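These notes are about the structure you will find just below.
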Amino acid sequence: MNSLYDEFRVALHSVWTRRWLVLAVAWGICILGWLAIASIPNRYDSRARLLVDINEILPDDPQGGAYGGRQRIDQIRETLTSARNLEKVAATTGLLPAGAGEREKAGAVAMLQKSIKVIPQQDNIFEITSSVGVGSLSDADNAKLASGVLDSLITVFRDDQLRGGRMNAREGLKFLDAQIADREKALREVEARRAAFEAQNIGLIPGGAGSPAQRVEAARAELGQIDSQLVAAQAQLAAANGQLAATPATINVPGMGSVGGGVARQQLAGAQNELSSMRSRGLTDAHPDVIALKSQIASLKAMADREGAGGGGGNSQNPAYASLAAMRAERQATASALNARKAQLTGDIARITSQQIQNPGIAAEYDRINGEYTAFKAQYDKLLGQREQVRMRGDVQTETDAIKIELLDPPTKPTSPAAPNRPLFLTLVLLAGIGGGVAAAFGLAQVRTSYATAAKLERASGLPVIGSITEVVTPERHVERRKKLVWLASGGGALVGLYALLLVAEFIQRGMVA
C-alpha cells in the first residue's frame, strides 16, 4: 500500500515539476479542438407530416395495374424526393443561383437528397425531415432554410401531382393509341394473308368460322345434342302414333244427320291452301313445315275418303282424333328436321376430315393463320378496353381531385441546432487538453532518467545511498516561485475563461436564432 502511495507521489511530483508543459499542451489541444468545432456548421432539423389520400372513384384494376391505390402511394413516396422535384426546391429556396450549370445543379440535388428523409408512418402518412447545415450561411439562415426546404418541397409536390396525373393520362392514351394502331395493322395483314390463302385453296378449305379442328369439334358437340333430341322426338312420335291408332276417326251422334260429314274435306281444303301459300313463298318440299303439312294433308285425305260423299246419317268426325293427327304431324316434322340436320352435320364432319387427310399441310397452315388472327384480335380488344379505362381515369382526374394531399403537421421552425452538441464538445476538448498535458508531462518524466527519491535511486543503481540533501529555498527564490505560480494560475484561468466565453457565445447565438 505504501509502495503504491509512493508511486503516486512520485508521478504527481514528476507532473508538477513539468507544469508549464502541461499548460502549454493543454492550450495547444484546446485551441486546435475548439477551432475544429467552430468550423463545423450547426445543423438545423425541420419536420412535417403529410397525408396522401387516393380518391378512388373508379375501382382498381382487378389484375393489379399501376393505378391501384397501394401502388400509387408507393409511387408517390418514391417520387417525393425525385431529382426533378429537388432541383425545383433548390431553385426556389436560393440554393441554386440564376444561370447555374449542370454541375451546380447536381451538387445541390445531391445535398438535398442527403438532407431530406421520408419516413412512412402508416400506409398513407409520411414524416418528412429536412436537415440543413450550410457552412456559408448563418445559424438563422440555416434554420430558416431547413423549414423553407420542406415548404417548397410540399408545394412542388402538390403542383407536380396535380399536373402529373393529367399528363400521365395523356401519355398513357398516346402510348395505347400507338399500340392499338400496330395491332390493327397486324390484324389487317393477317386478314389479307388469310383471304389470299383461301383464294389460292378454293375447295380445299371448308367454309365457316374458325379452324377446321374447331369446326369439327363444334359439329360433334352439336351432333351429340341432336342425337339426344332425336331420341326424345322419336319417342314422342311413337307415343302419338299409339294414341292415334287407339282413337276412332268418327263418332256416332244420335239424332244427328250428315251435316258434319264435310268437316274433313273442309280441313283438307284449308291445308291444301296453306301448302300452296308456302310454295308461293319459296319454301321447298324439304322444308320441315312443308313436310309436316304434307303429312297432315295425307291424314286428312284418308279421313275425307272415309266420310264418303254425303255421310252415314249419324257419324261425325272425332275432335280428339283430329287433334292427335295434328300433334303426330308436328312430331313427325320435328323428327324429320332433326334427321336432316344430323345428316348434314355428319356430312360436314366427313368432308372436313377428308380434306384434312388429303391436304394436311394446307389445313395446318390455315390453322396457324387463324390462331395468329385470334391472338392479335384478343390483344386488340384488350388494348381497346385499357384505353377506355385510362381515358375514364383521366377524365376523373380532370374533373375531381384524384390525389388529396393534406398537411397534418406543418414544417417546424427550429430554434436550436440538432447537431453538433457544442457545449458537450467544448467540455470534452477542455478535458482532453488537460489530460493530454498531464500525459505529456508524465511521459517525458518516464523518458528522462531522474530519481525523485533516494530509495528509487538505490533500487535503480543497486548501491547504498548514504544520504540526501534537502532543497533550501531562499526568500528571493520563494518570491520567484510565487510569481511563477501566479502566472501558471493565470494561464489556467485564462484557458477556463476562454472555455466559459465560448459557452456563453454559443448560447447567445442560439438565442438569436430563436
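A note on labels: chains of the C-alpha cells are A, B, ... as shown, every chain counts residues from 1, and ligands are counted from 1 in their shown order.
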
Hey, which bits of segment 102-160 of chain A sit within 7 Å of segment 34-45 of chain A, and for each residue what's the closest pair of atoms and how far apart in Å (one decimal), counting only C-alpha atoms, rows by chain and increasing number, as a Markdown table?
| residue | atom | partner | partner_atom | distance |
| --- | --- | --- | --- | --- |
| A:Thr129 | CA | A:Asp45 | CA | 6.8 |
| A:Ser130 | CA | A:Asp45 | CA | 5.5 |
| A:Ser131 | CA | A:Asp45 | CA | 4.4 |
| A:Val132 | CA | A:Arg43 | CA | 5.4 |
| A:Gly133 | CA | A:Arg43 | CA | 4.2 |
| A:Val134 | CA | A:Pro41 | CA | 6.5 |
| A:Gly135 | CA | A:Pro41 | CA | 5.1 |
| A:Asp139 | CA | A:Asn42 | CA | 6.6 |
| A:Asn142 | CA | A:Tyr44 | CA | 6.5 |
| A:Ala143 | CA | A:Tyr44 | CA | 5.4 |
| A:Ala146 | CA | A:Asp45 | CA | 6.1 |

Export of prior selection with N, CA and C atoms as a JSON list (two decimals), in the first residue's frame:
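Okay, out29.json is ready:
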[["chain", "number", "residue", "atom", "x", "y", "z"],
["A", 129, "THR", "N", -38.32, 14.86, -43.00],
["A", 129, "THR", "CA", -37.34, 15.56, -42.18],
["A", 129, "THR", "C", -36.31, 16.22, -43.08],
["A", 130, "SER", "N", -36.02, 17.48, -42.78],
["A", 130, "SER", "CA", -35.01, 18.23, -43.53],
["A", 130, "SER", "C", -33.92, 18.66, -42.56],
["A", 131, "SER", "N", -32.66, 18.28, -42.82],
["A", 131, "SER", "CA", -31.50, 18.65, -42.00],
["A", 131, "SER", "C", -30.58, 19.51, -42.85],
["A", 132, "VAL", "N", -30.43, 20.76, -42.45],
["A", 132, "VAL", "CA", -29.66, 21.73, -43.23],
["A", 132, "VAL", "C", -28.54, 22.30, -42.37],
["A", 133, "GLY", "N", -27.34, 22.29, -42.91],
["A", 133, "GLY", "CA", -26.20, 22.91, -42.24],
["A", 133, "GLY", "C", -25.20, 23.39, -43.27],
["A", 134, "VAL", "N", -25.45, 24.54, -43.84],
["A", 134, "VAL", "CA", -24.57, 25.11, -44.87],
["A", 134, "VAL", "C", -23.56, 26.03, -44.19],
["A", 135, "GLY", "N", -22.28, 25.74, -44.38],
["A", 135, "GLY", "CA", -21.25, 26.49, -43.68],
["A", 135, "GLY", "C", -21.19, 27.96, -44.05],
["A", 139, "ASP", "N", -26.50, 30.84, -38.60],
["A", 139, "ASP", "CA", -27.42, 29.91, -37.96],
["A", 139, "ASP", "C", -28.86, 30.26, -38.25],
["A", 142, "ASN", "N", -29.64, 29.10, -41.74],
["A", 142, "ASN", "CA", -29.77, 27.66, -41.81],
["A", 142, "ASN", "C", -31.09, 27.18, -41.23],
["A", 143, "ALA", "N", -31.50, 27.78, -40.10],
["A", 143, "ALA", "CA", -32.78, 27.40, -39.50],
["A", 143, "ALA", "C", -33.93, 27.76, -40.43],
["A", 146, "ALA", "N", -34.01, 25.30, -43.38],
["A", 146, "ALA", "CA", -34.49, 23.96, -43.07],
["A", 146, "ALA", "C", -36.00, 23.87, -43.23]]

Mind dumping a table of every segment 401-426 of chain A residue within 12 Å of segment 487-500 of chain A, with the nearest atom pair and its distance in Å to one decimal, using only C-alpha atoms, sorted by chain and rising number, as JSON lines?
{"residue": "A:Arg422", "atom": "CA", "partner": "A:Tyr499", "partner_atom": "CA", "distance": 11.3}
{"residue": "A:Pro423", "atom": "CA", "partner": "A:Tyr499", "partner_atom": "CA", "distance": 9.5}
{"residue": "A:Leu424", "atom": "CA", "partner": "A:Tyr499", "partner_atom": "CA", "distance": 11.4}
{"residue": "A:Phe425", "atom": "CA", "partner": "A:Tyr499", "partner_atom": "CA", "distance": 10.9}
{"residue": "A:Leu426", "atom": "CA", "partner": "A:Tyr499", "partner_atom": "CA", "distance": 7.1}

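When only C-alpha atoms are used to measure the gap to Asn370 of chain A, the shortest distance among A:Asn124, A:Ala178, A:Glu198, A:Trp27 belongs to A:Glu198.
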
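Pairwise distance (atom CA of Thr474 of chain A, atom CA of Phe442 of chain A) equals 28.3 Å.
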